[in-house]
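J.: What follows is the file query_23.csv, containing CSV, C-alpha atoms:
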```csv
chain,number,residue,atom,x,y,z
A,1,MET,CA,126.2,78.0,76.9
A,2,LYS,CA,125.4,74.3,77.1
A,3,SER,CA,122.3,73.4,78.9
A,4,PHE,CA,124.3,71.3,81.4
A,5,ASP,CA,126.3,74.4,82.3
A,6,LEU,CA,123.2,76.5,82.6
A,7,GLU,CA,121.6,74.0,84.9
A,8,LYS,CA,124.7,73.9,87.1
A,9,LYS,CA,124.8,77.7,87.2
A,10,PHE,CA,121.1,77.7,88.1
A,11,GLN,CA,121.6,75.1,90.9
A,12,ASP,CA,124.5,77.1,92.3
A,13,ARG,CA,122.3,80.2,92.5
A,14,VAL,CA,119.6,78.3,94.3
A,15,ASP,CA,122.2,76.8,96.7
A,16,ASN,CA,123.6,80.3,97.4
A,17,GLU,CA,120.1,81.5,98.2
A,18,VAL,CA,120.0,83.9,95.2
A,19,LYS,CA,116.3,84.2,94.2
A,20,ILE,CA,115.3,83.2,90.7
A,21,GLU,CA,113.4,86.0,88.9
A,22,PRO,CA,111.0,85.8,85.9
A,23,LYS,CA,113.4,86.5,83.0
A,24,ASP,CA,116.3,84.4,84.4
A,25,TRP,CA,117.2,81.1,82.7
A,26,MET,CA,115.6,78.2,84.5
A,27,PRO,CA,115.2,74.5,83.7
A,28,GLU,CA,111.9,73.7,81.9
A,29,ALA,CA,111.0,71.3,84.7
A,30,TYR,CA,111.5,74.0,87.3
A,31,ARG,CA,109.2,76.3,85.4
A,32,LYS,CA,106.6,73.6,84.9
A,33,THR,CA,106.7,72.5,88.5
A,34,LEU,CA,106.2,76.1,89.6
A,35,ILE,CA,103.3,76.8,87.2
A,36,ARG,CA,101.6,73.6,88.5
A,37,GLN,CA,102.2,74.4,92.2
A,38,ILE,CA,101.4,78.2,92.0
A,39,SER,CA,98.3,77.7,89.9
A,40,GLN,CA,97.0,74.9,92.2
A,41,HIS,CA,97.7,77.2,95.1
A,42,ALA,CA,95.7,80.0,93.4
A,43,HIS,CA,92.8,77.6,92.6
A,44,SER,CA,92.8,76.6,96.3
A,45,GLU,CA,92.3,80.2,97.3
A,46,ILE,CA,89.5,80.7,94.8
A,47,VAL,CA,87.7,77.5,95.6
A,48,GLY,CA,88.3,78.2,99.3
A,49,MET,CA,85.9,81.1,99.1
A,50,LEU,CA,83.0,78.7,98.5
A,51,PRO,CA,82.7,76.7,101.8
A,52,GLU,CA,83.0,80.0,103.8
A,53,GLY,CA,80.9,82.1,101.5
A,54,ASN,CA,78.2,79.6,102.3
A,55,TRP,CA,77.9,81.2,105.8
A,56,ILE,CA,78.2,84.9,105.0
A,57,THR,CA,74.4,85.5,105.0
A,58,ARG,CA,73.9,83.4,108.1
A,59,ALA,CA,76.7,84.7,110.3
A,60,PRO,CA,75.4,85.1,113.8
A,61,SER,CA,76.2,88.9,114.2
A,62,LEU,CA,77.2,91.9,112.1
A,63,ARG,CA,80.7,91.7,113.6
A,64,ARG,CA,81.1,88.1,112.5
A,65,LYS,CA,79.6,88.8,109.1
A,66,ALA,CA,81.9,91.7,108.4
A,67,ALA,CA,84.9,89.6,109.4
A,68,LEU,CA,83.9,86.6,107.3
A,69,LEU,CA,83.2,88.9,104.3
A,70,ALA,CA,86.6,90.4,104.7
A,71,LYS,CA,88.2,87.0,105.0
A,72,VAL,CA,86.5,85.7,101.8
A,73,GLN,CA,87.6,88.9,100.0
A,74,ASP,CA,91.2,88.3,101.1
A,75,GLU,CA,91.0,84.7,99.6
A,76,ALA,CA,90.0,86.2,96.3
A,77,GLY,CA,92.9,88.6,96.5
A,78,HIS,CA,95.3,85.8,97.4
A,79,GLY,CA,94.1,83.9,94.3
A,80,LEU,CA,94.9,87.0,92.2
A,81,TYR,CA,98.4,87.5,93.7
A,82,LEU,CA,99.1,83.9,92.9
A,83,TYR,CA,97.7,83.9,89.3
A,84,SER,CA,99.8,86.9,88.6
A,85,ALA,CA,102.9,85.1,90.0
A,86,ALA,CA,102.1,82.1,87.7
A,87,GLU,CA,101.8,84.5,84.7
A,88,THR,CA,105.4,85.7,85.3
A,89,LEU,CA,106.4,82.2,84.2
A,90,GLY,CA,104.6,82.4,80.9
A,91,ALA,CA,101.3,80.9,81.8
A,92,GLU,CA,98.1,82.5,80.5
A,93,ARG,CA,95.5,83.3,83.2
A,94,SER,CA,92.5,82.3,81.0
A,95,ASP,CA,94.1,78.8,80.5
A,96,LEU,CA,94.7,78.4,84.2
A,97,ILE,CA,91.1,79.3,85.0
A,98,ASP,CA,89.8,77.0,82.2
A,99,ASP,CA,91.9,74.2,83.7
A,100,LEU,CA,90.2,74.7,87.0
A,101,ASN,CA,86.7,75.0,85.7
A,102,GLU,CA,87.0,72.0,83.4
A,103,GLY,CA,88.3,69.8,86.2
A,104,ARG,CA,91.8,69.4,84.8
A,105,ALA,CA,93.6,71.2,87.6
A,106,LYS,CA,93.9,70.2,91.3
A,107,TYR,CA,93.2,72.4,94.3
A,108,SER,CA,93.5,71.7,98.0
A,109,SER,CA,91.2,68.7,98.8
A,110,ILE,CA,90.1,70.3,102.1
A,111,PHE,CA,87.6,72.5,100.2
A,112,ASN,CA,85.7,69.4,99.1
A,113,TYR,CA,84.4,69.0,102.6
A,114,PRO,CA,81.1,70.8,103.5
A,115,THR,CA,80.7,73.5,106.1
A,116,LEU,CA,77.6,72.2,108.0
A,117,THR,CA,77.3,74.5,111.0
A,118,TRP,CA,78.6,77.9,112.1
A,119,ALA,CA,81.2,76.1,114.2
A,120,ASP,CA,82.7,74.9,111.0
A,121,ILE,CA,83.6,78.4,110.1
A,122,GLY,CA,85.5,78.6,113.4
A,123,ALA,CA,87.2,75.2,112.7
A,124,VAL,CA,88.1,76.2,109.1
A,125,GLY,CA,89.8,79.5,110.3
A,126,TRP,CA,91.6,77.8,113.1
A,127,LEU,CA,92.7,74.5,111.5
A,128,VAL,CA,92.5,74.9,107.8
A,129,ASP,CA,94.1,78.4,107.8
A,130,GLY,CA,96.4,77.3,110.5
A,131,ALA,CA,97.7,74.4,108.3
A,132,ALA,CA,97.9,76.7,105.3
A,133,ILE,CA,99.9,79.3,107.2
A,134,MET,CA,102.4,76.6,108.2
A,135,ASN,CA,103.0,75.8,104.6
A,136,GLN,CA,102.9,79.4,103.4
A,137,VAL,CA,105.4,80.6,106.0
A,138,MET,CA,107.8,78.1,104.6
A,139,LEU,CA,107.0,79.3,101.1
A,140,CYS,CA,108.0,82.9,102.0
A,141,ARG,CA,111.5,81.6,101.5
A,142,THR,CA,110.9,79.7,98.3
A,143,SER,CA,113.5,80.1,95.5
A,144,TYR,CA,111.3,81.8,93.0
A,145,GLY,CA,111.1,85.6,93.7
A,146,PRO,CA,107.5,86.4,92.6
A,147,TYR,CA,106.1,83.4,94.5
A,148,ALA,CA,108.0,84.3,97.6
A,149,ARG,CA,106.8,87.9,97.5
A,150,ALA,CA,103.2,86.8,97.0
A,151,MET,CA,103.6,84.5,100.0
A,152,VAL,CA,104.9,87.3,102.3
A,153,ARG,CA,101.8,89.4,101.4
A,154,ILE,CA,99.5,86.5,102.0
A,155,CYS,CA,101.0,85.4,105.3
A,156,LYS,CA,100.6,89.0,106.7
A,157,GLU,CA,96.9,88.8,105.8
A,158,GLU,CA,96.3,85.2,106.9
A,159,SER,CA,97.0,85.6,110.6
A,160,PHE,CA,93.7,87.5,111.0
A,161,HIS,CA,92.0,84.6,109.4
A,162,GLN,CA,93.3,82.1,111.9
A,163,ARG,CA,92.6,84.4,114.9
A,164,GLN,CA,89.0,85.0,113.9
A,165,GLY,CA,88.5,81.3,113.5
A,166,TYR,CA,89.9,80.5,116.9
A,167,GLU,CA,87.9,83.3,118.5
A,168,ILE,CA,84.7,81.7,117.1
A,169,MET,CA,85.8,78.3,118.6
A,170,LEU,CA,86.6,80.0,121.9
A,171,LYS,CA,83.2,81.6,122.1
A,172,LEU,CA,81.4,78.4,121.3
A,173,ALA,CA,83.5,76.3,123.6
A,174,GLN,CA,82.8,78.7,126.5
A,175,GLY,CA,79.1,78.9,125.6
A,176,SER,CA,76.2,76.6,126.4
A,177,ALA,CA,76.6,72.8,126.4
A,178,GLU,CA,75.0,72.7,123.0
A,179,GLN,CA,77.4,75.3,121.6
A,180,LYS,CA,80.4,73.5,123.0
A,181,GLU,CA,79.1,70.3,121.4
A,182,MET,CA,78.9,72.1,118.1
A,183,ALA,CA,82.5,73.2,118.4
A,184,GLN,CA,83.6,69.6,119.3
A,185,ASP,CA,81.6,68.2,116.3
A,186,ALA,CA,83.4,70.7,114.0
A,187,LEU,CA,86.8,69.7,115.4
A,188,ASN,CA,85.9,66.0,114.9
A,189,ARG,CA,85.1,66.5,111.3
A,190,TRP,CA,87.9,69.0,110.4
A,191,TRP,CA,90.9,67.5,112.3
A,192,TRP,CA,91.8,64.7,109.9
A,193,PRO,CA,91.2,66.5,106.7
A,194,SER,CA,93.4,69.3,108.1
A,195,LEU,CA,96.3,66.9,108.6
A,196,MET,CA,95.8,65.6,105.1
A,197,MET,CA,96.4,69.2,103.8
A,198,PHE,CA,100.1,68.6,104.1
A,199,GLY,CA,99.9,66.0,101.4
A,200,PRO,CA,101.0,62.4,101.2
A,201,SER,CA,103.7,61.1,103.6
A,202,ASP,CA,107.3,61.8,102.5
A,203,ALA,CA,107.7,58.2,101.3
A,204,GLU,CA,104.8,58.6,99.0
A,205,SER,CA,105.3,62.2,97.8
A,206,THR,CA,106.3,62.2,94.1
A,207,HIS,CA,107.5,65.8,93.7
A,208,SER,CA,109.1,66.4,97.0
A,209,GLU,CA,112.7,65.5,96.5
A,210,GLN,CA,113.3,67.6,93.4
A,211,SER,CA,111.3,70.5,94.9
A,212,MET,CA,113.5,70.4,98.0
A,213,LYS,CA,116.6,70.4,95.8
A,214,TRP,CA,115.4,73.5,94.0
A,215,LYS,CA,114.3,75.0,97.3
A,216,ILE,CA,110.8,75.5,96.1
A,217,LYS,CA,109.9,73.6,99.3
A,218,ARG,CA,112.1,73.8,102.4
A,219,LYS,CA,110.4,71.4,104.7
A,220,SER,CA,108.9,68.0,104.0
A,221,ASN,CA,105.2,67.2,104.2
A,222,ASP,CA,105.7,65.1,107.3
A,223,GLU,CA,107.8,67.8,109.0
A,224,LEU,CA,105.2,70.4,108.5
A,225,ARG,CA,102.4,68.1,109.6
A,226,GLN,CA,104.3,67.4,112.8
A,227,GLN,CA,104.9,71.1,113.4
A,228,PHE,CA,101.1,71.7,112.9
A,229,VAL,CA,100.1,68.9,115.4
A,230,ASP,CA,102.6,70.2,118.0
A,231,ILE,CA,101.3,73.8,118.0
A,232,THR,CA,97.6,72.9,117.6
A,233,VAL,CA,97.2,70.3,120.5
A,234,PRO,CA,97.8,72.9,123.2
A,235,GLN,CA,95.3,75.2,121.5
A,236,ALA,CA,92.7,72.5,121.5
A,237,GLU,CA,93.4,71.9,125.2
A,238,PHE,CA,92.9,75.5,126.0
A,239,LEU,CA,89.5,75.3,124.3
A,240,ASP,CA,88.8,72.2,126.5
A,241,LEU,CA,88.0,70.2,123.3
A,242,THR,CA,89.2,66.7,122.5
A,243,ILE,CA,91.2,66.0,119.3
A,244,PRO,CA,89.6,62.9,117.7
A,245,ASP,CA,92.7,60.7,117.8
A,246,GLU,CA,93.1,58.0,120.4
A,247,ASP,CA,96.8,57.6,119.6
A,248,LEU,CA,97.7,61.2,120.2
A,249,THR,CA,100.3,61.3,123.0
A,250,TRP,CA,103.2,63.5,124.0
A,251,ASN,CA,106.5,61.7,123.2
A,252,ALA,CA,109.1,63.0,125.6
A,253,ASP,CA,112.0,61.4,123.8
A,254,ARG,CA,111.1,62.9,120.5
A,255,GLN,CA,109.8,66.1,122.1
A,256,HIS,CA,106.9,65.9,119.7
A,257,TYR,CA,103.3,64.5,119.8
A,258,ASP,CA,102.8,61.1,118.3
A,259,PHE,CA,99.6,60.8,116.4
A,260,GLY,CA,97.5,58.1,114.7
A,261,GLU,CA,97.6,56.9,111.1
A,262,ILE,CA,95.9,59.1,108.5
A,263,ASN,CA,93.2,57.5,106.4
A,264,TRP,CA,95.0,57.7,103.1
A,265,GLU,CA,92.3,55.9,101.2
A,266,GLU,CA,90.0,58.8,102.0
A,267,PHE,CA,92.7,61.2,101.0
A,268,TRP,CA,93.2,59.7,97.6
A,269,GLN,CA,89.5,59.4,97.0
A,270,VAL,CA,89.0,63.1,97.6
A,271,VAL,CA,92.0,64.0,95.4
A,272,LYS,CA,90.6,61.9,92.6
A,273,GLY,CA,87.3,63.8,92.7
A,274,GLU,CA,85.1,61.6,94.9
A,275,GLY,CA,84.9,63.9,97.9
A,276,ILE,CA,81.6,65.1,99.3
A,277,CYS,CA,81.6,68.4,97.5
A,278,ASN,CA,84.0,68.0,94.5
A,279,ARG,CA,81.2,68.3,91.9
A,280,GLU,CA,79.4,71.0,93.7
A,281,ARG,CA,82.5,73.2,93.9
A,282,LEU,CA,83.2,72.9,90.2
A,283,LYS,CA,79.6,73.6,89.4
A,284,ALA,CA,79.7,76.8,91.5
A,285,ARG,CA,83.0,77.8,89.8
A,286,ARG,CA,81.5,77.4,86.3
A,287,ALA,CA,78.3,79.2,87.3
A,288,ALA,CA,80.4,82.1,88.6
A,289,GLU,CA,82.3,82.2,85.3
A,290,GLU,CA,79.2,82.1,83.2
A,291,ASN,CA,77.1,84.5,85.3
A,292,GLY,CA,80.0,87.0,85.3
A,293,ALA,CA,80.5,86.8,81.5
A,294,TRP,CA,78.2,89.8,80.8
A,295,VAL,CA,80.1,92.0,83.2
A,296,ARG,CA,83.4,91.2,81.4
A,297,GLU,CA,81.8,91.7,78.0
A,298,ALA,CA,80.3,95.0,79.1
A,299,ALA,CA,83.7,96.2,80.4
A,300,THR,CA,85.4,95.3,77.2
A,301,ALA,CA,82.7,97.0,75.1
A,302,TYR,CA,82.9,100.1,77.2
A,303,GLU,CA,86.6,100.3,76.7
A,304,GLN,CA,86.3,99.9,72.9
A,305,LYS,CA,83.6,102.5,72.7
A,306,ARG,CA,85.6,105.0,74.7
A,307,ARG,CA,88.6,104.3,72.5
A,308,SER,CA,86.7,104.9,69.3
A,309,ALA,CA,85.2,108.1,70.7
A,310,GLU,CA,88.7,109.3,71.4
A,311,HIS,CA,89.7,108.6,67.8
A,312,ILE,CA,86.7,110.6,66.5
A,313,HIS,CA,87.7,113.4,68.8
A,314,VAL,CA,91.2,113.4,67.6
A,315,ALA,CA,90.1,113.3,63.9
B,1,MET,CA,87.8,84.1,77.7
B,2,LYS,CA,90.5,86.1,76.1
B,3,ASP,CA,92.6,87.8,78.7
B,4,TRP,CA,92.4,91.5,79.2
B,5,PRO,CA,95.7,93.3,79.0
B,6,LEU,CA,98.1,92.8,81.9
B,7,TRP,CA,99.0,95.9,84.0
B,8,GLU,CA,101.9,96.3,86.5
B,9,VAL,CA,100.9,98.0,89.7
B,10,PHE,CA,103.1,100.4,91.7
B,11,ILE,CA,102.1,101.7,95.1
B,12,ARG,CA,103.3,104.7,97.2
B,13,SER,CA,102.8,103.5,100.7
B,14,SER,CA,103.0,107.0,102.2
B,15,ASN,CA,103.9,110.4,101.0
B,16,GLY,CA,107.7,110.9,100.8
B,17,LEU,CA,108.3,107.4,99.6
B,18,HIS,CA,108.8,106.0,96.1
B,19,HIS,CA,106.1,104.1,94.3
B,20,LYS,CA,107.1,100.4,94.5
B,21,HIS,CA,106.1,97.5,92.4
B,22,ALA,CA,103.4,95.5,94.1
B,23,GLY,CA,102.3,93.0,91.4
B,24,SER,CA,100.1,92.8,88.4
B,25,LEU,CA,96.5,92.3,87.3
B,26,HIS,CA,94.3,92.1,84.3
B,27,ALA,CA,91.9,94.9,83.3
B,28,PRO,CA,90.2,96.2,80.2
B,29,ASP,CA,91.3,99.8,80.7
B,30,ASN,CA,93.3,102.1,83.0
B,31,GLU,CA,90.3,103.2,85.1
B,32,VAL,CA,89.3,99.6,85.9
B,33,ALA,CA,93.0,98.7,86.4
B,34,LEU,CA,93.2,101.5,89.1
B,35,LYS,CA,90.1,100.3,90.9
B,36,ASN,CA,91.1,96.7,90.7
B,37,ALA,CA,94.6,97.6,92.0
B,38,ARG,CA,93.0,99.4,94.9
B,39,ASP,CA,90.9,96.3,95.7
B,40,VAL,CA,93.6,93.8,95.2
B,41,TYR,CA,96.7,95.5,96.6
B,42,THR,CA,95.5,98.1,99.2
B,43,ARG,CA,92.8,96.4,101.3
B,44,ARG,CA,94.6,97.4,104.5
B,45,ASN,CA,95.6,101.0,103.8
B,46,GLU,CA,98.9,100.0,102.1
B,47,GLY,CA,98.8,103.0,99.8
B,48,VAL,CA,98.2,106.7,99.2
B,49,SER,CA,98.8,106.6,95.5
B,50,ILE,CA,98.8,104.0,92.8
B,51,TRP,CA,100.3,103.9,89.3
B,52,VAL,CA,99.3,101.3,86.7
B,53,VAL,CA,101.3,100.7,83.6
B,54,GLU,CA,100.4,98.3,80.9
B,55,SER,CA,103.0,95.5,81.1
B,56,LYS,CA,103.8,95.7,77.4
B,57,HIS,CA,105.2,99.2,78.0
B,58,VAL,CA,107.8,98.0,80.5
B,59,HIS,CA,111.2,97.4,78.9
B,60,ALA,CA,113.6,95.4,81.1
B,61,SER,CA,117.3,94.7,81.0
B,62,ASP,CA,118.3,91.2,80.0
B,63,PRO,CA,119.4,89.1,83.0
B,64,SER,CA,121.6,86.9,80.9
B,65,ASP,CA,123.5,90.1,80.0
B,66,ALA,CA,123.6,91.5,83.5
B,67,GLU,CA,127.2,90.9,84.1
B,68,ALA,CA,128.4,92.9,81.1
B,69,PHE,CA,125.6,95.4,81.5
B,70,PHE,CA,126.5,96.4,85.0
B,71,GLU,CA,130.2,95.9,84.6
B,72,PRO,CA,131.1,99.5,84.1
B,73,ALA,CA,130.3,100.4,87.7
B,74,LYS,CA,132.2,97.5,89.2
B,75,ASP,CA,135.8,98.8,89.1
B,76,LYS,CA,135.0,102.4,90.1
B,77,ILE,CA,135.6,102.1,93.8
B,78,TYR,CA,136.6,105.8,93.8
B,79,ARG,CA,132.9,106.6,93.6
B,80,HIS,CA,132.6,105.6,97.2
B,81,PRO,CA,133.5,107.8,100.1
B,82,THR,CA,135.6,105.1,101.8
B,83,PHE,CA,138.0,105.1,98.9
B,84,TYR,CA,139.6,108.3,100.2
B,85,ASP,CA,142.2,108.2,103.1
B,86,LEU,CA,141.8,111.0,105.6
B,87,PRO,CA,143.4,111.2,109.0
B,88,ASP,CA,141.1,110.4,112.0
B,89,GLU,CA,141.7,113.9,113.5
B,90,VAL,CA,139.7,115.5,110.7
B,91,LYS,CA,136.1,115.7,111.9
B,92,HIS,CA,132.7,116.1,110.2
B,93,ILE,CA,133.8,114.9,106.8
```
Could you quickly redo this structure as C-alpha cells?
T.:
Amino acid sequence: MKSFDLEKKFQDRVDNEVKIEPKDWMPEAYRKTLIRQISQHAHSEIVGMLPEGNWITRAPSLRRKAALLAKVQDEAGHGLYLYSAAETLGAERSDLIDDLNEGRAKYSSIFNYPTLTWADIGAVGWLVDGAAIMNQVMLCRTSYGPYARAMVRICKEESFHQRQGYEIMLKLAQGSAEQKEMAQDALNRWWWPSLMMFGPSDAESTHSEQSMKWKIKRKSNDELRQQFVDITVPQAEFLDLTIPDEDLTWNADRQHYDFGEINWEEFWQVVKGEGICNRERLKARRAAEENGAWVREAATAYEQKRRSAEHIHVA
Amino acid sequence: MKDWPLWEVFIRSSNGLHHKHAGSLHAPDNEVALKNARDVYTRRNEGVSIWVVESKHVHASDPSDAEAFFEPAKDKIYRHPTFYDLPDEVKHI
C-alpha cells in the first residue's frame, strides 16, 4: 500500500476512536511525537521525586512521612509505566535515560523550583499534582493504547497525591498565624509555575495542532489551564488563602475566571535550563545513576553465575 | 548501561479471574522480574498472583494481516444462539 493510503487509513482509525496499538502501522512523525512526549512525561515523574524526596526525612509526623514516602514511590512507578509505554514504540530505555541525564531531554519545568518549607509539599501536592491530573485525565483518552492505559493507572493513583497535599495546606491554613503564613507563602511561589505547567499559550504552541488532529491531545493548553484555574480558585477560598493574582476575577459572561498574564520570559528561561534547580536536578539524577551502578552490575553478575551453575549441573 | 531483558507482566487480580497483561519492565532474571513486578504493578493490592514472561518469547499476530487472519469467523453467524429461530412460547432455551 502507498504511504498516502496508509496515512489516510491511519487518520480514519484515529477519527473513529479506534486506538492505535504498538505493532500497527503509524506515520513516523506520530511515533516520534509520542516517543518525545511519553519520555518527557516519564522524565518528569522521575525528576519529580527530587523536590519531594527532599522532605521525607523532615516530615513533621510519621503519618506525613509514610504518605510522602508512598507518594514518591508512586512517582517512580509512574516513570516506569511511561518508559515501558515509550519502549512499545521502539525506543530503548537506556537511551531515554541517557538523554535525561545528559541534559538532552526535557522534563516538566515545575521541578526546577525548590521546595523551601514543609508547606511547599502541601502546595506541590495540591497545585502541581492537581495540574498534572488535569492533563493526565485528558490523556486517558489519547489515541495510543499503551499510553492511554498507563494514564488510567496513573490517574487512579494520583488522586491520593492531590488530597494529601490539600490536607497539608488545610492543616497549616487552620493552624497558627505563622503556619498560615507559611501556607500563603507556598501558594505565592507555586501558583504561577503551576499555571505554566500547561505549556505555552495555544498561539505559541508548536506541536499542538498536529497532536490534536492525531488525538494525542484532546484539549488545548489554554483550555486545560482555564479548567485548572476554575476548579482551584474555590479550593483556595476554602483555605482562606489569597491567590497571588490581582487580575483574578469571575467573569459572569464567560462563566470562567479571568486571570493575569503569565510571565512567559520566566517560563522560557526555566525551559532553557536557567531555572533555580535545573543543574541540581541533573546532578542528582547522574549521582543516582552512578551510585546505583554497582547494584545493577551485581544483579547481572548474580544472574550470570546462576546460569553457569545451571549449565554445570545439567552437564 | 545496556538494558536488561524486557519482561511482560501478567496479574491475576483475584482468584477466579484470568491473569491479565499489566505492562512490562526490565530485570536481569525471573526472580528480580517478579519482585519488580510486585513493586511496580501491585502497590495497592492489585494482585494475588503474577506471571512474568520474557518479551522475546511472546509471538504476536500481525495487525496488518488481521483482516484475513480473523476472516474465517466473520461469516459464521450460525455459531451464535440468535441465529436460530424459535417460537416465543418455548421457554428456558
J.: For chain B versus chain A, which residues have an atom no more than 12 Å away, and what is each residue's nearest atom pair and distance in Å rounded to one decimal, using only C-alpha atoms, chain-then-number order, as a Markdown table?
T.:
```
| residue | atom | partner | partner_atom | distance |
| --- | --- | --- | --- | --- |
| B:Met1 | CA | A:Ser94 | CA | 6.0 |
| B:Lys2 | CA | A:Ser94 | CA | 6.5 |
| B:Asp3 | CA | A:Ser94 | CA | 6.0 |
| B:Trp4 | CA | A:Thr300 | CA | 8.2 |
| B:Pro5 | CA | A:Thr300 | CA | 10.6 |
| B:Leu6 | CA | A:Ser84 | CA | 9.1 |
| B:Trp7 | CA | A:Ser84 | CA | 10.1 |
| B:Glu8 | CA | A:Ser84 | CA | 9.9 |
| B:Val9 | CA | A:Ser84 | CA | 11.2 |
| B:His21 | CA | A:Arg149 | CA | 10.9 |
| B:Ala22 | CA | A:Arg149 | CA | 9.0 |
| B:Gly23 | CA | A:Tyr81 | CA | 7.1 |
| B:Ser24 | CA | A:Ser84 | CA | 5.9 |
| B:Leu25 | CA | A:Ser84 | CA | 6.5 |
| B:His26 | CA | A:Ser84 | CA | 8.7 |
| B:Ala27 | CA | A:Ala299 | CA | 8.8 |
| B:Pro28 | CA | A:Thr300 | CA | 5.7 |
| B:Asp29 | CA | A:Glu303 | CA | 6.2 |
| B:Asn30 | CA | A:Glu303 | CA | 9.4 |
| B:Glu31 | CA | A:Glu303 | CA | 9.6 |
| B:Val32 | CA | A:Ala299 | CA | 8.6 |
| B:Ala33 | CA | A:Ala299 | CA | 11.3 |
| B:Asn36 | CA | A:Gly77 | CA | 10.1 |
| B:Ala37 | CA | A:Gly77 | CA | 10.2 |
| B:Arg38 | CA | A:Gly77 | CA | 10.9 |
| B:Asp39 | CA | A:Gly77 | CA | 8.0 |
| B:Val40 | CA | A:Gly77 | CA | 5.4 |
| B:Tyr41 | CA | A:Gly77 | CA | 7.9 |
| B:Thr42 | CA | A:Gly77 | CA | 10.2 |
| B:Arg43 | CA | A:Asp74 | CA | 8.3 |
| B:Arg44 | CA | A:Glu157 | CA | 9.0 |
| B:Glu46 | CA | A:Arg153 | CA | 11.0 |
| B:Ser55 | CA | A:Thr88 | CA | 10.9 |
| B:His59 | CA | A:Lys23 | CA | 11.9 |
| B:Ala60 | CA | A:Lys23 | CA | 9.1 |
| B:Ser61 | CA | A:Lys23 | CA | 9.3 |
| B:Asp62 | CA | A:Lys23 | CA | 7.4 |
| B:Pro63 | CA | A:Asp24 | CA | 5.8 |
| B:Ser64 | CA | A:Asp24 | CA | 6.8 |
| B:Asp65 | CA | A:Asp24 | CA | 10.2 |
| B:Ala66 | CA | A:Asp24 | CA | 10.2 |
```
J.: Interatomic distance between CA of Leu116 (chain A) and CA of Gln136 (chain A)?
T.: 26.7 Å
J.: So how far away is CA of Leu34 (chain B) from CA of Lys20 (chain B), in Å?
T.: 15.0 Å
J.: Using the file's own x, y and z axes, so that the box edges lie along x, y and z, what centre and edge lengths in Å (one decimal) does a box around every listed atom of region 53-64 of chain B get when 3 Å is added on each side? Give it as JSON.
T.:
```
{"center_x": 111.0, "center_y": 93.8, "center_z": 80.5, "size_x": 27.2, "size_y": 19.8, "size_z": 12.2}
```
